[in-house]
Structures are given as C-alpha cells and as structure tokens.
$ cat structure_1.cif   # mmCIF, C-alpha atoms
data_work
#
loop_
_atom_site.label_atom_id
_atom_site.label_comp_id
_atom_site.auth_asym_id
_atom_site.auth_seq_id
_atom_site.Cartn_x
_atom_site.Cartn_y
_atom_site.Cartn_z
CA MET A 97 105.18 96.72 160.74
CA ASP A 98 104.07 100.05 162.03
CA SER A 99 100.60 101.47 161.30
CA SER A 100 102.18 104.56 159.76
CA GLU A 101 103.84 102.38 157.12
CA HIS A 102 100.37 101.39 155.77
CA GLY A 103 99.18 104.96 155.51
CA SER A 104 96.71 104.43 158.28
CA SER A 105 96.67 106.40 161.47
CA VAL A 106 94.31 104.02 163.27
CA THR A 107 95.37 103.10 166.77
CA SER A 108 93.56 101.02 169.30
CA PRO A 109 91.51 102.95 171.84
CA GLY A 110 93.39 101.41 174.75
CA ILE A 111 96.82 102.39 173.48
CA ALA A 112 95.74 105.89 172.45
CA ILE A 113 94.64 106.85 175.93
CA GLY A 114 97.79 107.46 177.93
CA GLY A 115 99.41 104.24 176.65
CA THR A 116 97.33 101.97 178.87
CA LEU A 117 96.09 98.62 177.59
CA PRO A 118 92.62 97.16 178.01
CA PRO A 119 92.47 94.58 180.80
CA GLY A 120 93.63 91.09 179.77
CA LEU A 121 95.78 92.24 176.82
CA THR A 122 99.51 92.27 176.68
CA GLU A 123 101.40 94.89 174.75
CA GLU A 124 102.46 92.31 172.21
CA GLU A 125 98.84 91.17 171.62
CA ALA A 126 97.71 94.78 171.25
CA GLU A 127 100.40 95.42 168.62
CA GLU A 128 99.38 92.29 166.69
CA MET A 129 95.74 93.36 166.78
CA GLN A 130 96.73 96.84 165.65
CA VAL A 131 98.62 95.41 162.66
CA GLU A 132 95.65 93.16 161.81
CA LEU A 133 93.24 96.10 162.08
CA THR A 134 95.41 98.11 159.72
CA LYS A 135 95.46 95.26 157.21
CA VAL A 136 91.65 94.86 157.39
CA ASP A 137 91.17 98.62 156.91
CA ASP A 138 93.44 98.53 153.87
CA GLU A 139 91.53 95.54 152.44
CA ILE A 140 88.23 97.36 152.94
CA GLN A 141 89.58 100.39 151.09
CA THR A 142 90.83 98.18 148.25
CA LEU A 143 87.48 96.40 148.00
CA ARG A 144 85.68 99.75 147.82
CA GLN A 145 87.94 100.81 144.95
CA VAL A 146 87.37 97.51 143.14
CA LEU A 147 83.61 97.81 143.63
CA VAL A 148 83.58 101.34 142.18
CA ALA A 149 85.61 100.14 139.19
CA LYS A 150 83.26 97.17 138.64
CA GLU A 151 80.19 99.43 138.85
CA ARG A 152 81.70 101.76 136.24
CA HIS A 153 82.49 98.80 133.99
CA ALA A 154 78.94 97.43 134.37
CA ALA A 155 77.45 100.85 133.56
CA GLU A 156 79.63 101.08 130.44
CA LEU A 157 78.57 97.59 129.31
CA LYS A 158 74.88 98.43 129.85
CA ARG A 159 75.30 101.66 127.89
CA ARG A 160 76.93 99.82 125.01
CA LEU A 161 74.17 97.18 125.05
CA GLY A 162 71.50 99.90 124.99
CA ILE A 163 70.14 99.06 128.43
CA SER A 164 68.79 102.29 129.86
CA PRO A 165 67.99 102.98 133.50
CA LEU A 166 64.31 103.13 132.52
CA SER A 167 64.40 99.66 130.99
CA GLU A 168 66.11 98.37 134.14
CA ILE A 169 63.33 99.89 136.25
CA LYS A 170 60.70 98.29 134.02
CA GLN A 171 62.45 94.94 134.29
CA ASN A 172 62.65 95.26 138.09
CA ILE A 173 58.97 96.18 138.30
CA ASN A 174 57.96 93.25 136.09
CA LYS A 175 60.05 90.87 138.16
CA GLY A 176 58.60 92.29 141.38
CA TRP A 177 55.04 91.97 140.05
CA HIS A 178 55.74 88.39 138.99
CA ASP A 179 57.08 87.64 142.48
CA VAL A 180 53.94 89.17 144.03
CA GLN A 181 51.67 87.10 141.78
CA CYS A 182 53.50 83.94 142.81
CA SER A 183 53.36 84.73 146.52
CA ASN A 184 51.06 82.77 148.84
CA ALA A 185 49.33 85.94 150.07
CA TYR A 186 48.40 86.98 146.53
CA LEU A 187 47.18 83.52 145.57
CA SER A 188 45.12 83.31 148.75
CA ALA A 189 43.59 86.76 148.19
CA SER A 190 42.79 85.91 144.56
CA ALA A 191 41.03 82.72 145.62
CA THR A 192 39.03 84.64 148.23
CA LEU A 193 37.99 87.26 145.67
CA GLU A 194 36.91 84.55 143.25
CA ASP A 195 34.80 82.98 146.01
CA ILE A 196 33.21 86.35 146.75
CA GLY A 197 32.50 86.88 143.03
CA ARG A 198 30.60 83.59 142.92
CA SER A 199 28.55 84.30 146.06
CA ASP A 200 24.82 85.02 145.89
CA ALA A 201 25.15 88.21 147.96
CA TYR A 202 27.67 89.62 145.51
CA LYS A 203 25.47 88.74 142.53
CA ARG A 204 22.41 90.37 144.15
CA THR A 205 24.40 93.50 144.98
CA GLN A 206 25.76 93.66 141.45
CA GLU A 207 22.25 93.33 139.98
CA THR A 208 20.87 96.00 142.33
CA LEU A 209 23.65 98.44 141.47
CA SER A 210 23.17 97.76 137.77
CA GLN A 211 19.43 98.47 138.05
CA ALA A 212 20.11 101.63 140.06
CA GLY A 213 22.54 102.81 137.40
CA GLN A 214 20.01 102.19 134.64
CA MET A 215 17.30 104.04 136.57
CA THR A 216 19.63 106.96 137.25
CA SER A 217 20.60 107.10 133.59
CA ALA A 218 16.93 107.11 132.58
CA ALA A 219 16.16 109.88 135.08
CA PHE A 220 18.97 112.07 133.76
CA SER A 221 17.86 111.39 130.20
CA THR A 222 14.27 112.40 131.05
CA MET A 223 15.46 115.52 132.86
CA GLY A 224 17.66 116.44 129.88
CA SER A 225 14.71 116.00 127.51
CA ALA A 226 12.51 118.17 129.70
CA ILE A 227 15.11 120.93 129.82
CA ARG A 228 15.66 120.71 126.06
CA ASN A 229 11.89 120.91 125.47
CA ARG A 230 11.58 123.90 127.79
CA PHE A 231 14.37 125.71 125.97
CA GLY A 232 12.65 124.81 122.71
CA GLU A 233 9.43 126.38 123.95
CA MET A 234 11.26 129.49 125.06
CA SER A 235 13.05 129.86 121.75
CA SER A 236 9.82 129.36 119.79
CA ASN A 237 8.20 132.18 121.81
CA PHE A 238 10.98 134.56 120.74
CA SER A 239 11.70 134.52 117.05
CA MET A 240 14.93 135.94 115.73
CA ARG A 241 13.13 139.14 114.80
CA HIS A 242 11.84 139.55 118.36
CA SER A 243 15.12 138.70 120.03
CA LEU A 244 16.83 141.47 118.08
CA SER A 245 14.11 143.87 119.10
CA MET A 246 14.87 145.44 122.49
CA PRO A 247 11.27 146.58 123.17
CA ALA A 248 10.03 143.01 122.82
CA MET A 249 12.57 141.85 125.40
CA ARG A 250 11.73 144.70 127.75
CA ASN A 251 8.11 143.64 127.81
CA SER A 252 8.93 140.09 128.97
CA PRO A 253 8.19 139.29 132.65
CA SER A 254 11.75 138.09 133.27
CA PHE A 255 13.26 141.33 131.99
CA LYS A 256 10.77 143.44 133.98
CA SER A 257 11.64 141.58 137.19
CA PHE A 258 15.37 141.99 136.57
CA GLU A 259 14.96 145.66 135.69
CA ASP A 260 13.01 146.27 138.90
CA LYS A 261 15.72 144.64 140.99
CA VAL A 262 18.47 146.70 139.33
CA ASP A 263 16.51 149.95 139.77
CA ASN A 264 15.87 149.13 143.41
CA MET A 265 19.57 148.39 143.98
CA LYS A 266 20.52 151.65 142.26
CA TYR A 267 18.12 153.52 144.49
CA LYS A 268 19.56 151.93 147.65
CA VAL A 269 23.15 152.62 146.65
CA MET A 270 22.89 156.03 145.00
CA GLY A 271 19.40 157.35 145.56
CA ARG A 272 19.88 159.29 148.76
CA SER A 273 23.27 160.72 147.77
CA ASN A 274 21.74 162.33 144.68
CA GLY A 275 19.20 164.21 146.77
CA GLU A 276 16.31 162.01 145.74
CA GLY A 277 13.42 161.50 148.09
CA ASP A 278 12.75 158.53 150.34
CA HIS A 279 10.55 156.76 147.81
CA SER A 280 11.79 153.80 145.82
CA PRO A 281 11.29 153.69 142.05
CA THR A 282 9.96 150.15 142.45
CA SER A 283 7.74 148.40 144.91
CA ASN A 284 8.84 148.16 148.53
CA ASN A 285 8.58 144.36 148.31
CA ALA A 286 11.78 144.07 146.22
CA PRO A 287 14.19 141.46 147.51
CA PHE A 288 17.18 143.85 147.55
#

$ encode --input "structure_1.cif" --output "structure tokens"
Amino acid sequence: MDSSEHGSSVTSPGIAIGGTLPPGLTEEEAEEMQVELTKVDDEIQTLRQVLVAKERHAAELKRRLGISPLSEIKQNINKGWHDVQCSNAYLSASATLEDIGRSDAYKRTQETLSQAGQMTSAAFSTMGSAIRNRFGEMSSNFSMRHSLSMPAMRNSPSFKSFEDKVDNMKYKVMGRSNGEGDHSPTSNNAPF
C-alpha cells in the first residue's frame, strides 16, 4: 500500500531527503514503517472526528436535560471545594487555626481590640454630640427671621472676616488695573 492511497502525503524524513535511508534501516523496513505511520495518522484523524461527534452528542444531551454551562461550573466549584476541604493541607491548617483560637495570646489580643473598638466608638459618639450641640448653639443664635435678614448676617464676625478676604483678593487682582491707589481696602494683615 502506498501512502498516497490513504490520502496522506507523509513520508519519512530519511526517504524524503534525496532517497537516502537513516543508518541501520533497510528500504523494506522504511516502507513498512511508512505504511504503519500512515495507518496511525489515519487512526488519529478518525479518533478526532469521533471525539468531536461525542462532544456534540454530550452537549445536546446536557441541553435537553437542562444542564447549563453555569450549573456545570457551579458543580465543578463545589466538587473542587469539597476536595480542598478533604485535603491534608486544609485539615492541618484548620487544626492549627483552632489551636490559635484557643490560645491565651489570641484571647488577650481579641479582648484588647474589642476594648479599643468600644473606646473608639465612644469617642466618635462624643465628638458627634459635641458637633451637634455646637450646631444647635449656632442655629439658636440665628433665628429664621435673622437668617433671612442680610444685615444681620453681615454683622456676624464670620461674614466680616470672609468679606475682608474677598475685598483684599479683589484689590490684589483688579485694584491696580482700575487706577486705584496703592492702599488696600482692608488691613495689610490679610492672609491673601
């Protein structure tokens, strides 16, 4: 049987190069090996085709059974997690963590962190109360009638300070270009 009869154009490397054979092989042995190689290649191709057909059939069966790729992934993850939980490394690590959890050092650290958390929570609560009280004082100083009144706001120290800073900035940016003198409308100690 010739390799061209099987639809394969595979030839041995020794025969392809100028018709010379590898050392220790006769021409008859090389031809037998060539025929065997062709048969193996054909079998490989057939197996690939069978595998593709089987994979399609399996996919169709899974579709008909309602098994989605996502459920397969979930099943694989669950199986993998189960395998991990049964492994010696996991069991050993779990035992070590249990031993650590029962140790005095761990318990003391846990208690200390718990107390620190409680103290921090209390500090934030106190700070929040202080801020709320301060805002309450500020709002009681300005009634609704006063907050709607612009003159009352303009007389407050905060507004005066802000107004001074804005005037000073205006002077620095525009003052000299408008032909104004070298004097500032506010004090020379302004931060801007």

$ atom_distance --input "structure_1.cif" --atom1 "CA of Ile163 (chain A)" --atom2 "CA of Glu151 (chain A)"
14.5 Å

$ atom_distance --input "structure_1.cif" --atom1 "CA of Ile173 (chain A)" --atom2 "CA of Leu187 (chain A)"
18.8 Å

$ atom_distance --input "structure_1.cif" --atom1 "CA of Arg144 (chain A)" --atom2 "CA of Glu132 (chain A)"
18.4 Å
